[in-house]
2 protein chains.
Amino acid sequence: MRNLRFSMSYDGTDYHGFQIQKDEITIEGVLKNAVNVLTGEDVDIIGCGRTDAGVHAQNYIFNFKTNSSIPCDKFPIALNTVTPDDITILSCEEVEENFHSRFCAKQKTYRYIIYNSRFKNPFLNRFSYHYKHKLDIESMNVAKKYIEGTHDFQCFMAQGSVVRDTVRTVYSIDITAKDDMIFIDVCGNGFLYNMVRIIVGTLIGVGNGKIQSEDISKIIEGRKRENAGMTVPACGLYLKEVVYEN
Amino acid sequence: MRNLRFSMSYDGTDYHGFQIQKDEITIEGVLKNAVNVLTGEDVDIIGCGRTDAGVHAQNYIFNFKTNSSIPCDKFPIALNTVTPDDITILSCEEVEENFHSRFCAKQKTYRYIIYNSRFKNPFLNRFSYHYKHKLDIESMNVAKKYIEGTHDFQCFMAQGSVVRDTVRTVYSIDITAKDDMIFIDVCGNGFLYNMVRIIVGTLIGVGNGKIQSEDISKIIEGRKRENAGMTVPACGLYLKEVVYEN
């Protein structure tokens, strides 16, 4: 059997996240069905992670094992003929038998896009979070330094999650402002449930003056969700890149 | 009565064009209803032109006369609370009694966006035309020079239109390529039905080698729609700017 690894981008607006669910339209469900249409096989799609309902991906990685003889350079074209327009398969390559999109991932980068302008922009509604009060990028850049590093990030985890080990490493947070757009790239070795969206909500709290950047360390050390900022909406979040060993 | 002039942007994907129609959702219909909700008045919305179903606007101009006392700086905010997210009112100013958004317009610029890449991009589907074969920008830039100027443009008018005078002036066509995006800005004193979309279809015909740029003059002089290129889809078209006297 061949083990094939794919990259894909998708507009997650109309999906209930990646992971297959009964009675809901999911990315995994659509992919599984598309592969079945092409090959007749009922494959197990292994995704690089669960993305929530409404979250997008610029570069999502998944793999599956198949007996199909479709060559790698033709597989994306073939899959794109049987997937809807809001999902695009970008590439395919054959990988070693033990490659696993989730377990082998060493690093992930999520991008959050804020449209920071007085009025909504009809062309960005699906793809960014509209925040109308002017944000102070400089103080957000001070605050991010307290988040980078290895910490117990329980304060940035959605309440009700059951994860024993809440220590993660955030390698970097890059904040780029261009015209009315703010891009926040968060790179880490793994993320707790809603972690990126709460980090961004906390940075927005700093940018609007409600949270002091010097208080971030206290918020992290206190390990209490209620001290951190809001959970920003899914529509601004993108899985941007997944890095594997080698 | 005050005569108020507004600018607005909208994602036209889910609308049957600007002009009000019975049993169809249109931009004008939504605006008329929104003004009624705010002021109780049944105003006549005067738009700067009809845009087709699915066409977008970055800067559409309209005006109406009202007895409302809502100040100009508050009117966009008020209207935005009663319009859907795919329509944004950007500005409002009081203008002379005889200002008319359509009759006073001297010049309009439409922008057409082509996504020229092998695969579709899920984030651009609503807002550009995906064309997968590589286009030769250089020859398109030669061809555009034969279109610029004052001509009888019947060859670029949708068949079945009933317009007696088919002479128009195209002031300029600007073609900008950036990464996989091609932006075509067509500026003129007025446009026939589907004219911009057929001009772009003809330029694409040049860019893919099916039409020779030197043949453009013959196509225009022949005044036959069938000699020009295809009518490209509405989703790539934007009303970009309207210029008025003064």
# chains A, B, ... in the order shown; residues from 1 in each chain; ligands from 1

call {"tool": "interface_residues", "arguments": {"of": "chain B", "to": "chain A", "cutoff": "10 Å", "atoms": "only C-alpha atoms", "output": "list in words"}}
result
Met8, Ser9, Tyr10, Asp11, Gly12, His56, Ala57, Gln58, Pro76, Ile77, Asn80, Pro84, Asp85, Asp86, Ile87, Thr88, Ile89, Leu90, Arg118, Phe119, Lys120, Asn121, Pro122, Phe123, Leu124, Asn125, Arg126 and Phe127 of chain B

call {"tool": "write_last_selection", "arguments": {"atoms": "C-alpha atoms", "output": "tab-separated table (two decimals), in the first residue's frame"}}
result
chain	number	residue	atom	x	y	z
B	8	MET	CA	-20.85	52.11	-0.39
B	9	SER	CA	-19.03	48.84	-0.99
B	10	TYR	CA	-20.73	45.50	-1.39
B	11	ASP	CA	-20.10	41.84	-2.09
B	12	GLY	CA	-22.60	41.27	-4.91
B	56	HIS	CA	-19.28	43.73	-6.66
B	57	ALA	CA	-18.60	47.36	-5.83
B	58	GLN	CA	-15.68	48.93	-3.98
B	76	PRO	CA	-23.46	55.57	7.52
B	77	ILE	CA	-23.29	54.14	11.06
B	80	ASN	CA	-24.90	49.87	8.64
B	84	PRO	CA	-26.55	42.95	6.01
B	85	ASP	CA	-22.81	42.33	6.42
B	86	ASP	CA	-22.16	42.15	2.68
B	87	ILE	CA	-23.10	45.83	2.25
B	88	THR	CA	-21.16	48.64	3.95
B	89	ILE	CA	-22.06	52.33	3.73
B	90	LEU	CA	-18.76	54.21	3.77
B	118	ARG	CA	-3.16	26.09	-11.78
B	119	PHE	CA	-5.57	25.39	-8.91
B	120	LYS	CA	-8.50	27.34	-7.52
B	121	ASN	CA	-7.93	29.35	-4.35
B	122	PRO	CA	-10.74	28.78	-1.82
B	123	PHE	CA	-10.32	32.32	-0.46
B	124	LEU	CA	-10.68	33.98	-3.87
B	125	ASN	CA	-13.58	32.02	-5.41
B	126	ARG	CA	-16.20	34.63	-4.59
B	127	PHE	CA	-14.03	37.55	-5.56

call {"tool": "residues_around", "arguments": {"residues": "stretch 224-241 of chain B", "least_positions_apart": "2", "cutoff": "7 Å", "atoms": "only C-alpha atoms", "output": "count of residues only"}}
result
33

call {"tool": "residues_around", "arguments": {"residues": "A:Asn36", "least_positions_apart": "3", "cutoff": "12 Å", "atoms": "only C-alpha atoms", "output": "PyMOL selection string"}}
result
chain A and resi 29-33+39-45+64+66-68+78-79+82-83

call {"tool": "atom_distance", "arguments": {"atom1": "atom CA of B:Ile204", "atom2": "atom CA of B:Glu138"}}
result
11.7 Å

call {"tool": "atom_distance", "arguments": {"atom1": "atom CA of A:Arg168", "atom2": "atom CA of A:Ile27"}}
result
26.7 Å

call {"tool": "residues_around", "arguments": {"residues": "A:Asp136", "least_positions_apart": "4", "cutoff": "9 Å", "atoms": "only C-alpha atoms", "output": "count of residues only"}}
result
7

call {"tool": "atom_distance", "arguments": {"atom1": "atom CA of B:Ile20", "atom2": "atom CA of B:Phe75"}}
result
21.8 Å

call {"tool": "closest_residue", "arguments": {"among": "B:Phe18, B:Ala34, B:His133, B:Asp73", "to": "B:Ile61", "atoms": "only C-alpha atoms"}}
result
B:Phe18

call {"tool": "select_by_dssp", "arguments": {"residues": "stretch 25-239 of chain A", "states": "helix (DSSP H, G or I)", "output": "VMD selection string"}}
result
chain A and resid 27 to 39 75 to 81 137 to 147 154 to 156 195 to 207 213 to 222 225 to 227 234 to 236

call {"tool": "select_by_dssp", "arguments": {"residues": "stretch 38-181 of chain A", "states": "strand (DSSP E or B)", "output": "JSON, numbers by chain"}}
result
{"A": [46, 47, 56, 57, 58, 59, 60, 61, 62, 63, 64, 65, 66, 87, 88, 89, 90, 91, 92, 93, 94, 95, 105, 106, 107, 108, 109, 110, 111, 112, 113, 114, 115, 129, 130, 149, 150, 151, 152, 167, 168, 169, 170, 171, 172, 173, 174, 175, 176, 177, 178, 181]}
